[in-house]
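Colleague: File run-v3.tsv below, TSV, N, CA and C atoms:
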chain	number	residue	atom	x	y	z
A	1	VAL	N	8.42	14.53	-2.59
A	1	VAL	CA	7.83	13.56	-1.66
A	1	VAL	C	8.70	12.30	-1.64
A	2	GLN	N	9.09	11.90	-0.45
A	2	GLN	CA	9.85	10.67	-0.30
A	2	GLN	C	9.06	9.69	0.56
A	3	LEU	N	9.06	8.43	0.15
A	3	LEU	CA	8.33	7.40	0.86
A	3	LEU	C	9.31	6.33	1.32
A	4	GLN	N	9.23	5.97	2.59
A	4	GLN	CA	10.14	4.98	3.15
A	4	GLN	C	9.31	3.82	3.71
A	5	ALA	N	9.36	2.69	3.03
A	5	ALA	CA	8.61	1.51	3.47
A	5	ALA	C	9.48	0.65	4.37
A	6	SER	N	8.84	0.01	5.34
A	6	SER	CA	9.56	-0.87	6.25
A	6	SER	C	8.61	-1.92	6.81
A	7	GLY	N	9.19	-2.92	7.47
A	7	GLY	CA	8.38	-3.92	8.14
A	7	GLY	C	8.33	-5.28	7.48
A	8	GLY	N	8.95	-5.41	6.32
A	8	GLY	CA	8.95	-6.69	5.63
A	8	GLY	C	9.82	-7.71	6.35
A	9	GLY	N	9.75	-8.95	5.89
A	9	GLY	CA	10.56	-9.99	6.49
A	9	GLY	C	10.22	-11.36	5.97
A	10	LEU	N	10.86	-12.35	6.56
A	10	LEU	CA	10.61	-13.75	6.22
A	10	LEU	C	9.76	-14.36	7.34
A	11	VAL	N	8.56	-14.83	6.98
A	11	VAL	CA	7.65	-15.38	7.97
A	11	VAL	C	7.04	-16.67	7.44
A	12	ARG	N	6.43	-17.40	8.34
A	12	ARG	CA	5.74	-18.63	7.96
A	12	ARG	C	4.28	-18.33	7.63
A	13	ALA	N	3.70	-19.16	6.85
A	13	ALA	CA	2.30	-19.01	6.49
A	13	ALA	C	1.44	-18.99	7.75
A	14	GLY	N	0.44	-18.11	7.72
A	14	GLY	CA	-0.51	-18.03	8.82
A	14	GLY	C	-0.24	-16.94	9.83
A	15	VAL	N	0.96	-16.39	9.79
A	15	VAL	CA	1.28	-15.35	10.77
A	15	VAL	C	0.91	-13.98	10.21
A	16	SER	N	1.14	-12.96	11.03
A	16	SER	CA	0.81	-11.59	10.66
A	16	SER	C	2.07	-10.75	10.55
A	17	LEU	N	1.94	-9.69	9.78
A	17	LEU	CA	3.04	-8.75	9.60
A	17	LEU	C	2.42	-7.38	9.35
A	18	ARG	N	3.08	-6.33	9.82
A	18	ARG	CA	2.59	-4.99	9.55
A	18	ARG	C	3.67	-4.19	8.85
A	19	LEU	N	3.30	-3.67	7.70
A	19	LEU	CA	4.18	-2.79	6.95
A	19	LEU	C	3.87	-1.34	7.28
A	20	SER	N	4.89	-0.52	7.24
A	20	SER	CA	4.73	0.92	7.46
A	20	SER	C	5.35	1.67	6.29
A	21	CYS	N	4.79	2.81	6.02
A	21	CYS	CA	5.35	3.68	4.98
A	21	CYS	C	5.29	5.11	5.50
A	22	ALA	N	6.46	5.67	5.74
A	22	ALA	CA	6.55	7.03	6.24
A	22	ALA	C	6.78	7.98	5.07
A	23	ALA	N	6.00	9.05	5.04
A	23	ALA	CA	6.08	10.01	3.95
A	23	ALA	C	6.67	11.33	4.43
A	24	SER	N	7.59	11.84	3.66
A	24	SER	CA	8.17	13.14	3.96
A	24	SER	C	7.45	14.17	3.12
A	25	VAL	N	6.35	14.66	3.65
A	25	VAL	CA	5.53	15.64	2.95
A	25	VAL	C	4.82	16.46	4.00
A	26	ARG	N	4.61	17.75	3.71
A	26	ARG	CA	4.02	18.63	4.72
A	26	ARG	C	2.53	18.40	4.89
A	27	THR	N	1.87	18.03	3.79
A	27	THR	CA	0.41	17.91	3.83
A	27	THR	C	-0.02	16.48	3.57
A	28	PHE	N	0.48	15.57	4.38
A	28	PHE	CA	0.21	14.15	4.18
A	28	PHE	C	-1.28	13.87	4.15
A	29	SER	N	-2.05	14.59	4.93
A	29	SER	CA	-3.49	14.34	5.02
A	29	SER	C	-4.21	14.62	3.70
A	30	ASN	N	-3.54	15.29	2.79
A	30	ASN	CA	-4.13	15.60	1.48
A	30	ASN	C	-3.73	14.61	0.39
A	31	TYR	N	-3.10	13.54	0.80
A	31	TYR	CA	-2.62	12.56	-0.17
A	31	TYR	C	-3.41	11.26	-0.12
A	32	ASP	N	-3.66	10.72	-1.30
A	32	ASP	CA	-4.17	9.35	-1.41
A	32	ASP	C	-2.97	8.43	-1.35
A	33	MET	N	-3.11	7.33	-0.61
A	33	MET	CA	-2.01	6.40	-0.41
A	33	MET	C	-2.41	4.98	-0.83
A	34	ALA	N	-1.42	4.18	-1.16
A	34	ALA	CA	-1.74	2.82	-1.59
A	34	ALA	C	-0.54	1.90	-1.38
A	35	TRP	N	-0.83	0.63	-1.40
A	35	TRP	CA	0.18	-0.42	-1.40
A	35	TRP	C	0.00	-1.27	-2.66
A	36	PHE	N	1.12	-1.53	-3.30
A	36	PHE	CA	1.18	-2.46	-4.42
A	36	PHE	C	2.22	-3.52	-4.09
A	37	ARG	N	2.23	-4.58	-4.86
A	37	ARG	CA	3.25	-5.60	-4.67
A	37	ARG	C	3.66	-6.18	-6.02
A	38	GLN	N	4.88	-6.70	-6.04
A	38	GLN	CA	5.38	-7.29	-7.27
A	38	GLN	C	6.17	-8.55	-6.93
A	39	ALA	N	5.70	-9.66	-7.43
A	39	ALA	CA	6.38	-10.94	-7.26
A	39	ALA	C	7.34	-11.15	-8.42
A	40	PRO	N	8.36	-11.98	-8.24
A	40	PRO	CA	9.32	-12.22	-9.32
A	40	PRO	C	8.63	-12.71	-10.59
A	41	GLY	N	8.96	-12.06	-11.70
A	41	GLY	CA	8.40	-12.47	-12.98
A	41	GLY	C	6.98	-12.04	-13.23
A	42	LYS	N	6.42	-11.25	-12.31
A	42	LYS	CA	5.03	-10.80	-12.46
A	42	LYS	C	4.97	-9.29	-12.48
A	43	GLU	N	3.84	-8.80	-12.96
A	43	GLU	CA	3.63	-7.36	-12.99
A	43	GLU	C	3.26	-6.86	-11.59
A	44	ARG	N	3.49	-5.59	-11.40
A	44	ARG	CA	3.09	-4.97	-10.14
A	44	ARG	C	1.58	-5.00	-10.03
A	45	GLU	N	1.07	-5.40	-8.87
A	45	GLU	CA	-0.37	-5.50	-8.69
A	45	GLU	C	-0.83	-4.70	-7.48
A	46	PHE	N	-2.03	-4.23	-7.59
A	46	PHE	CA	-2.66	-3.45	-6.53
A	46	PHE	C	-2.98	-4.33	-5.33
A	47	VAL	N	-2.77	-3.78	-4.13
A	47	VAL	CA	-3.10	-4.49	-2.90
A	47	VAL	C	-4.20	-3.77	-2.14
A	48	ALA	N	-3.96	-2.50	-1.81
A	48	ALA	CA	-4.93	-1.75	-1.01
A	48	ALA	C	-4.65	-0.26	-1.16
A	49	ALA	N	-5.69	0.53	-0.95
A	49	ALA	CA	-5.55	1.98	-1.05
A	49	ALA	C	-6.41	2.65	0.01
A	50	ILE	N	-5.98	3.82	0.41
A	50	ILE	CA	-6.76	4.61	1.35
A	50	ILE	C	-6.75	6.05	0.88
A	51	ARG	N	-7.92	6.62	0.77
A	51	ARG	CA	-8.06	8.00	0.31
A	51	ARG	C	-7.67	8.97	1.41
A	52	TRP	N	-7.51	10.21	1.03
A	52	TRP	CA	-7.21	11.27	2.01
A	52	TRP	C	-8.33	11.33	3.05
A	53	SER	N	-9.54	10.97	2.63
A	53	SER	CA	-10.71	11.05	3.51
A	53	SER	C	-10.89	9.79	4.36
A	54	GLY	N	-10.09	8.75	4.08
A	54	GLY	CA	-10.18	7.52	4.86
A	54	GLY	C	-10.87	6.36	4.16
A	55	GLY	N	-11.46	6.61	3.01
A	55	GLY	CA	-12.09	5.52	2.26
A	55	GLY	C	-11.05	4.51	1.80
A	56	VAL	N	-11.40	3.22	1.88
A	56	VAL	CA	-10.44	2.17	1.56
A	56	VAL	C	-10.92	1.29	0.42
A	57	THR	N	-9.96	0.73	-0.29
A	57	THR	CA	-10.22	-0.20	-1.39
A	57	THR	C	-9.22	-1.33	-1.27
A	58	TYR	N	-9.68	-2.56	-1.53
A	58	TYR	CA	-8.82	-3.72	-1.44
A	58	TYR	C	-8.89	-4.58	-2.69
A	59	ALA	N	-7.78	-5.23	-2.97
A	59	ALA	CA	-7.80	-6.27	-4.00
A	59	ALA	C	-8.57	-7.47	-3.45
A	60	ASP	N	-9.24	-8.17	-4.32
A	60	ASP	CA	-10.03	-9.33	-3.88
A	60	ASP	C	-9.15	-10.37	-3.19
A	61	SER	N	-7.92	-10.49	-3.63
A	61	SER	CA	-7.03	-11.52	-3.10
A	61	SER	C	-6.63	-11.29	-1.65
A	62	VAL	N	-6.80	-10.06	-1.15
A	62	VAL	CA	-6.39	-9.77	0.23
A	62	VAL	C	-7.56	-9.33	1.10
A	63	LYS	N	-8.71	-9.17	0.51
A	63	LYS	CA	-9.87	-8.70	1.26
A	63	LYS	C	-10.18	-9.66	2.40
A	64	GLY	N	-10.36	-9.11	3.60
A	64	GLY	CA	-10.62	-9.94	4.77
A	64	GLY	C	-9.37	-10.36	5.51
A	65	ARG	N	-8.21	-10.24	4.89
A	65	ARG	CA	-6.94	-10.59	5.54
A	65	ARG	C	-6.06	-9.37	5.80
A	66	PHE	N	-6.07	-8.42	4.87
A	66	PHE	CA	-5.23	-7.23	4.98
A	66	PHE	C	-6.08	-6.03	5.36
A	67	SER	N	-5.44	-5.09	6.04
A	67	SER	CA	-6.13	-3.86	6.42
A	67	SER	C	-5.18	-2.68	6.26
A	68	ILE	N	-5.63	-1.67	5.55
A	68	ILE	CA	-4.83	-0.46	5.35
A	68	ILE	C	-5.36	0.63	6.28
A	69	SER	N	-4.44	1.40	6.83
A	69	SER	CA	-4.84	2.51	7.70
A	69	SER	C	-3.79	3.60	7.59
A	70	ARG	N	-4.11	4.76	8.13
A	70	ARG	CA	-3.17	5.87	8.08
A	70	ARG	C	-3.21	6.63	9.39
A	71	ASP	N	-2.07	7.22	9.72
A	71	ASP	CA	-1.96	8.09	10.88
A	71	ASP	C	-1.42	9.41	10.36
A	72	ASN	N	-2.29	10.37	10.17
A	72	ASN	CA	-1.87	11.64	9.59
A	72	ASN	C	-0.92	12.41	10.50
A	73	ALA	N	-1.03	12.19	11.79
A	73	ALA	CA	-0.13	12.88	12.72
A	73	ALA	C	1.31	12.38	12.58
A	74	LYS	N	1.46	11.14	12.09
A	74	LYS	CA	2.79	10.56	11.92
A	74	LYS	C	3.22	10.47	10.46
A	75	ASN	N	2.38	10.99	9.58
A	75	ASN	CA	2.68	10.93	8.14
A	75	ASN	C	2.97	9.50	7.70
A	76	THR	N	2.19	8.57	8.18
A	76	THR	CA	2.47	7.16	7.94
A	76	THR	C	1.20	6.40	7.52
A	77	VAL	N	1.39	5.50	6.59
A	77	VAL	CA	0.33	4.58	6.19
A	77	VAL	C	0.80	3.17	6.54
A	78	TYR	N	-0.15	2.34	6.96
A	78	TYR	CA	0.16	1.00	7.41
A	78	TYR	C	-0.57	-0.04	6.56
A	79	LEU	N	0.01	-1.22	6.51
A	79	LEU	CA	-0.67	-2.36	5.91
A	79	LEU	C	-0.55	-3.52	6.89
A	80	GLN	N	-1.65	-3.82	7.56
A	80	GLN	CA	-1.68	-4.96	8.47
A	80	GLN	C	-2.04	-6.19	7.65
A	81	MET	N	-1.15	-7.17	7.68
A	81	MET	CA	-1.34	-8.38	6.88
A	81	MET	C	-1.50	-9.57	7.82
A	82	ASN	N	-2.68	-10.17	7.81
A	82	ASN	CA	-2.97	-11.32	8.66
A	82	ASN	C	-3.11	-12.57	7.81
A	83	ASN	N	-2.91	-13.70	8.46
A	83	ASN	CA	-3.06	-15.00	7.78
A	83	ASN	C	-2.31	-15.01	6.45
A	84	LEU	N	-1.04	-14.69	6.52
A	84	LEU	CA	-0.24	-14.60	5.30
A	84	LEU	C	-0.13	-15.95	4.61
A	85	LYS	N	-0.08	-15.89	3.29
A	85	LYS	CA	0.02	-17.09	2.47
A	85	LYS	C	1.28	-17.02	1.60
A	86	PRO	N	1.79	-18.15	1.15
A	86	PRO	CA	2.98	-18.11	0.29
A	86	PRO	C	2.78	-17.24	-0.95
A	87	GLU	N	1.57	-17.18	-1.46
A	87	GLU	CA	1.32	-16.35	-2.64
A	87	GLU	C	1.34	-14.86	-2.35
A	88	ASP	N	1.48	-14.48	-1.09
A	88	ASP	CA	1.65	-13.07	-0.74
A	88	ASP	C	3.12	-12.65	-0.85
A	89	THR	N	4.00	-13.59	-1.13
A	89	THR	CA	5.41	-13.26	-1.26
A	89	THR	C	5.63	-12.30	-2.42
A	90	ALA	N	6.28	-11.17	-2.11
A	90	ALA	CA	6.50	-10.13	-3.10
A	90	ALA	C	7.28	-8.99	-2.46
A	91	VAL	N	7.72	-8.09	-3.30
A	91	VAL	CA	8.19	-6.80	-2.81
A	91	VAL	C	6.99	-5.88	-2.73
A	92	TYR	N	6.80	-5.28	-1.58
A	92	TYR	CA	5.65	-4.40	-1.35
A	92	TYR	C	6.10	-2.94	-1.45
A	93	TYR	N	5.36	-2.20	-2.25
A	93	TYR	CA	5.67	-0.79	-2.48
A	93	TYR	C	4.53	0.08	-1.99
A	94	CYS	N	4.88	1.19	-1.36
A	94	CYS	CA	3.84	2.16	-1.06
A	94	CYS	C	3.88	3.26	-2.12
A	95	ALA	N	2.74	3.86	-2.34
A	95	ALA	CA	2.60	4.88	-3.38
A	95	ALA	C	1.74	6.01	-2.85
A	96	ALA	N	1.95	7.19	-3.42
A	96	ALA	CA	1.22	8.36	-2.95
A	96	ALA	C	0.90	9.29	-4.11
A	97	ASP	N	-0.18	10.02	-3.95
A	97	ASP	CA	-0.54	11.03	-4.93
A	97	ASP	C	-1.40	12.09	-4.26
A	98	PRO	N	-1.21	13.34	-4.63
A	98	PRO	CA	-2.09	14.38	-4.08
A	98	PRO	C	-3.53	14.06	-4.44
A	99	ALA	N	-4.42	14.21	-3.50
A	99	ALA	CA	-5.81	13.85	-3.71
A	99	ALA	C	-6.42	14.65	-4.87
A	100	ARG	N	-7.17	13.95	-5.67
A	100	ARG	CA	-7.90	14.56	-6.78
A	100	ARG	C	-9.39	14.35	-6.55
A	101	GLY	N	-10.18	14.89	-7.40
A	101	GLY	CA	-11.61	14.69	-7.29
A	101	GLY	C	-11.98	13.24	-7.49
A	102	SER	N	-13.12	12.86	-6.97
A	102	SER	CA	-13.56	11.47	-7.03
A	102	SER	C	-13.63	10.94	-8.45
A	103	TYR	N	-13.94	11.81	-9.37
A	103	TYR	CA	-14.06	11.38	-10.77
A	103	TYR	C	-12.74	10.82	-11.28
A	104	TYR	N	-11.64	11.36	-10.78
A	104	TYR	CA	-10.32	10.97	-11.27
A	104	TYR	C	-9.67	9.87	-10.43
A	105	TYR	N	-10.34	9.46	-9.36
A	105	TYR	CA	-9.72	8.53	-8.43
A	105	TYR	C	-9.76	7.12	-8.98
A	106	THR	N	-8.59	6.60	-9.31
A	106	THR	CA	-8.47	5.24	-9.83
A	106	THR	C	-7.41	4.52	-9.01
A	107	PRO	N	-7.74	4.11	-7.81
A	107	PRO	CA	-6.73	3.60	-6.88
A	107	PRO	C	-6.00	2.35	-7.32
A	108	ARG	N	-6.60	1.53	-8.19
A	108	ARG	CA	-5.99	0.26	-8.58
A	108	ARG	C	-4.96	0.41	-9.70
A	109	ILE	N	-4.87	1.59	-10.26
A	109	ILE	CA	-4.00	1.83	-11.42
A	109	ILE	C	-2.67	2.43	-10.95
A	110	PRO	N	-1.56	1.78	-11.21
A	110	PRO	CA	-0.26	2.31	-10.74
A	110	PRO	C	0.05	3.71	-11.24
A	111	THR	N	-0.36	4.02	-12.44
A	111	THR	CA	-0.03	5.33	-13.01
A	111	THR	C	-0.80	6.47	-12.36
A	112	TYR	N	-1.77	6.14	-11.52
A	112	TYR	CA	-2.47	7.20	-10.77
A	112	TYR	C	-1.52	7.88	-9.78
A	113	TYR	N	-0.52	7.13	-9.32
A	113	TYR	CA	0.34	7.62	-8.25
A	113	TYR	C	1.64	8.21	-8.81
A	114	ASP	N	1.99	9.38	-8.33
A	114	ASP	CA	3.20	10.05	-8.79
A	114	ASP	C	4.44	9.65	-7.99
A	115	TYR	N	4.24	9.17	-6.77
A	115	TYR	CA	5.38	8.94	-5.88
A	115	TYR	C	5.37	7.49	-5.39
A	116	TRP	N	6.57	6.92	-5.35
A	116	TRP	CA	6.73	5.52	-4.94
A	116	TRP	C	7.88	5.37	-3.96
A	117	GLY	N	7.70	4.45	-3.04
A	117	GLY	CA	8.77	4.10	-2.12
A	117	GLY	C	9.68	3.05	-2.73
A	118	GLN	N	10.69	2.66	-1.98
A	118	GLN	CA	11.72	1.76	-2.52
A	118	GLN	C	11.31	0.29	-2.42
A	119	GLY	N	10.29	-0.03	-1.66
A	119	GLY	CA	9.85	-1.42	-1.55
A	119	GLY	C	10.44	-2.13	-0.35
A	120	THR	N	9.68	-3.06	0.18
A	120	THR	CA	10.14	-3.91	1.28
A	120	THR	C	9.73	-5.35	0.97
A	121	GLN	N	10.66	-6.26	1.16
A	121	GLN	CA	10.44	-7.65	0.78
A	121	GLN	C	9.64	-8.39	1.85
A	122	VAL	N	8.61	-9.09	1.39
A	122	VAL	CA	7.85	-9.98	2.26
A	122	VAL	C	7.95	-11.39	1.66
A	123	THR	N	8.45	-12.31	2.44
A	123	THR	CA	8.57	-13.69	2.00
A	123	THR	C	7.81	-14.59	2.97
A	124	VAL	N	6.88	-15.36	2.43
A	124	VAL	CA	6.06	-16.23	3.26
A	124	VAL	C	6.35	-17.68	2.89
A	125	SER	N	6.85	-18.42	3.85
A	125	SER	CA	7.16	-19.83	3.60
A	125	SER	C	5.98	-20.70	4.02
A	126	SER	N	5.87	-21.82	3.33
A	126	SER	CA	4.74	-22.73	3.63
A	126	SER	C	5.09	-23.69	4.75
Please lay out the structure from this file as structure tokens.

Modeller:
Amino acid sequence: VQLQASGGGLVRAGVSLRLSCAASVRTFSNYDMAWFRQAPGKEREFVAAIRWSGGVTYADSVKGRFSISRDNAKNTVYLQMNNLKPEDTAVYYCAADPARGSYYYTPRIPTYYDYWGQGTQVTVSS
């Protein structure tokens, strides 16, 4: 499985940006997908996740501003980021894992995901 993230850039606070992550996998609809981010000097942190079934989970820091979605026909997951803040500055990574039973679903934990993209830089200036 290969994941290709894109859509990052340098923007001013308050604007919107949409990230995309294209997956090279035959059964994309059977994968749980997520976005994480890592700022300089900080640990990688969970941003948002979407299950194979469409259920979504968000970090409290982005709830109400970010929206995750998927297009199974295009093997792509999106992260719509609105009202960006300087503290959103980070490298954003998409992650994927074959769907497991609900008991095992831990979307906020990086080790849940077997596959990672290369990351796309998002820089928000004040």

Colleague: Could you list, with a cut-off of 7 Å and counting all atoms listed in the file, the residues of stretch 2-67 of chain A near stretch 76-92 of chain A, each shown with its nearest atom pair and the distance in Å rounded to one decimal, rows sorted by chain and ascending number, as a Markdown table?

Modeller:
| residue | atom | partner | partner_atom | distance |
| --- | --- | --- | --- | --- |
| A:Arg12 | C | A:Leu84 | C | 5.9 |
| A:Ala13 | CA | A:Leu84 | C | 4.3 |
| A:Gly14 | N | A:Leu84 | C | 3.8 |
| A:Val15 | N | A:Leu84 | N | 4.2 |
| A:Ser16 | CA | A:Met81 | C | 4.2 |
| A:Leu17 | C | A:Met81 | N | 3.9 |
| A:Arg18 | CA | A:Leu79 | C | 4.4 |
| A:Leu19 | N | A:Leu79 | C | 3.9 |
| A:Ser20 | CA | A:Tyr78 | CA | 4.6 |
| A:Cys21 | N | A:Val77 | C | 4.0 |
| A:Ala22 | CA | A:Thr76 | CA | 4.4 |
| A:Ala23 | N | A:Thr76 | CA | 4.9 |
| A:Trp35 | CA | A:Tyr92 | C | 6.4 |
| A:Phe36 | C | A:Tyr92 | CA | 4.5 |
| A:Arg37 | CA | A:Val91 | C | 4.2 |
| A:Gln38 | C | A:Val91 | N | 4.0 |
| A:Ala39 | CA | A:Ala90 | CA | 4.2 |
| A:Pro40 | N | A:Ala90 | CA | 5.8 |
| A:Arg65 | C | A:Asn82 | N | 4.0 |
| A:Phe66 | CA | A:Gln80 | C | 4.3 |
| A:Ser67 | N | A:Gln80 | C | 3.9 |

Colleague: Tell me, in Å to one decimal, how far atom N of A:Asn75 is from atom CA of A:Val25.

Modeller: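 Pair atom N of A:Asn75 / atom CA of A:Val25 returns 8.7 Å.
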
Colleague: Identify which of the residues A:Ile50, A:Asp71, A:Tyr104, A:Val124 lies closest to A:Met33, counting only C-alpha atoms when measuring atom-to-atom distances.

Modeller: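 Smallest separation from A:Met33 among the options: A:Ile50.
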
Colleague: So which residues of chain A fall under strand (DSSP E) by DSSP, listed as a PyMOL selection string?

Modeller: chain A and resi 2-6+9-12+17-24+31-38+45-50+56-58+66-71+76-81+90-98+115-116+120-125

Colleague: Could you tell me how far atom C of A:Ala48 sits from atom CA of A:Ile68, in Å to one decimal place?

Modeller: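 Computing it gives 6.5 Å between the two atoms.
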
Colleague: Can you tell me, as a list in words, which residues sit within 8 Å of (-7.5, 7.3, 4.9) in the file's frame, using all atoms listed in the file?

Modeller: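 The residues near that point, listed by chain and number, are Tyr31, Asp32, Met33, Ala49, Ile50, Arg51, Trp52, Ser53, Gly54, Gly55, Val56, Ile68, Ser69, Arg70 and Asp71 of chain A.
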
Colleague: Work out how far apart atom CA of A:Tyr113 and atom N of A:Gly9 are and give it in Å to one decimal.

Modeller: 23.7 Å

Colleague: Restricting the calculation to only C-alpha atoms, which member of A:Gln4, A:Val11, A:Ala34, A:Phe46 is positioned closest to A:Val122?

Modeller: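 The answer is A:Val11, which sits nearest to A:Val122.
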
Colleague: Calculated over only C-alpha atoms, which of the candidates A:Lys63, A:Thr57, A:Val47, A:Asn72 has the smallest distance to A:Thr27?

Modeller: A:Asn72

Colleague: If you run DSSP over the backbone, which residues in chain A end up helix (DSSP H, G or I)? Put them as a PyMOL selection string.

Modeller: chain A and resi 28-30+72-74+86-88+102-104+110-112

Colleague: Include N, CA and C atoms and write out the residues we just selected as a PDB file, in the coordinates of the input.

Modeller:
ATOM      1  N   PHE A  28       0.480  15.570   4.380  1.00  0.00           N
ATOM      2  CA  PHE A  28       0.210  14.150   4.180  1.00  0.00           C
ATOM      3  C   PHE A  28      -1.280  13.870   4.150  1.00  0.00           C
ATOM      4  N   SER A  29      -2.050  14.590   4.930  1.00  0.00           N
ATOM      5  CA  SER A  29      -3.490  14.340   5.020  1.00  0.00           C
ATOM      6  C   SER A  29      -4.210  14.620   3.700  1.00  0.00           C
ATOM      7  N   ASN A  30      -3.540  15.290   2.790  1.00  0.00           N
ATOM      8  CA  ASN A  30      -4.130  15.600   1.480  1.00  0.00           C
ATOM      9  C   ASN A  30      -3.730  14.610   0.390  1.00  0.00           C
ATOM     10  N   ASN A  72      -2.290  10.370  10.170  1.00  0.00           N
ATOM     11  CA  ASN A  72      -1.870  11.640   9.590  1.00  0.00           C
ATOM     12  C   ASN A  72      -0.920  12.410  10.500  1.00  0.00           C
ATOM     13  N   ALA A  73      -1.030  12.190  11.790  1.00  0.00           N
ATOM     14  CA  ALA A  73      -0.130  12.880  12.720  1.00  0.00           C
ATOM     15  C   ALA A  73       1.310  12.380  12.580  1.00  0.00           C
ATOM     16  N   LYS A  74       1.460  11.140  12.090  1.00  0.00           N
ATOM     17  CA  LYS A  74       2.790  10.560  11.920  1.00  0.00           C
ATOM     18  C   LYS A  74       3.220  10.470  10.460  1.00  0.00           C
ATOM     19  N   PRO A  86       1.790 -18.150   1.150  1.00  0.00           N
ATOM     20  CA  PRO A  86       2.980 -18.110   0.290  1.00  0.00           C
ATOM     21  C   PRO A  86       2.780 -17.240  -0.950  1.00  0.00           C
ATOM     22  N   GLU A  87       1.570 -17.180  -1.460  1.00  0.00           N
ATOM     23  CA  GLU A  87       1.320 -16.350  -2.640  1.00  0.00           C
ATOM     24  C   GLU A  87       1.340 -14.860  -2.350  1.00  0.00           C
ATOM     25  N   ASP A  88       1.480 -14.480  -1.090  1.00  0.00           N
ATOM     26  CA  ASP A  88       1.650 -13.070  -0.740  1.00  0.00           C
ATOM     27  C   ASP A  88       3.120 -12.650  -0.850  1.00  0.00           C
ATOM     28  N   SER A 102     -13.120  12.860  -6.970  1.00  0.00           N
ATOM     29  CA  SER A 102     -13.560  11.470  -7.030  1.00  0.00           C
ATOM     30  C   SER A 102     -13.630  10.940  -8.450  1.00  0.00           C
ATOM     31  N   TYR A 103     -13.940  11.810  -9.370  1.00  0.00           N
ATOM     32  CA  TYR A 103     -14.060  11.380 -10.770  1.00  0.00           C
ATOM     33  C   TYR A 103     -12.740  10.820 -11.280  1.00  0.00           C
ATOM     34  N   TYR A 104     -11.640  11.360 -10.780  1.00  0.00           N
ATOM     35  CA  TYR A 104     -10.320  10.970 -11.270  1.00  0.00           C
ATOM     36  C   TYR A 104      -9.670   9.870 -10.430  1.00  0.00           C
ATOM     37  N   PRO A 110      -1.560   1.780 -11.210  1.00  0.00           N
ATOM     38  CA  PRO A 110      -0.260   2.310 -10.740  1.00  0.00           C
ATOM     39  C   PRO A 110       0.050   3.710 -11.240  1.00  0.00           C
ATOM     40  N   THR A 111      -0.360   4.020 -12.440  1.00  0.00           N
ATOM     41  CA  THR A 111      -0.030   5.330 -13.010  1.00  0.00           C
ATOM     42  C   THR A 111      -0.800   6.470 -12.360  1.00  0.00           C
ATOM     43  N   TYR A 112      -1.770   6.140 -11.520  1.00  0.00           N
ATOM     44  CA  TYR A 112      -2.470   7.200 -10.770  1.00  0.00           C
ATOM     45  C   TYR A 112      -1.520   7.880  -9.780  1.00  0.00           C
TER      46      TYR A 112
END
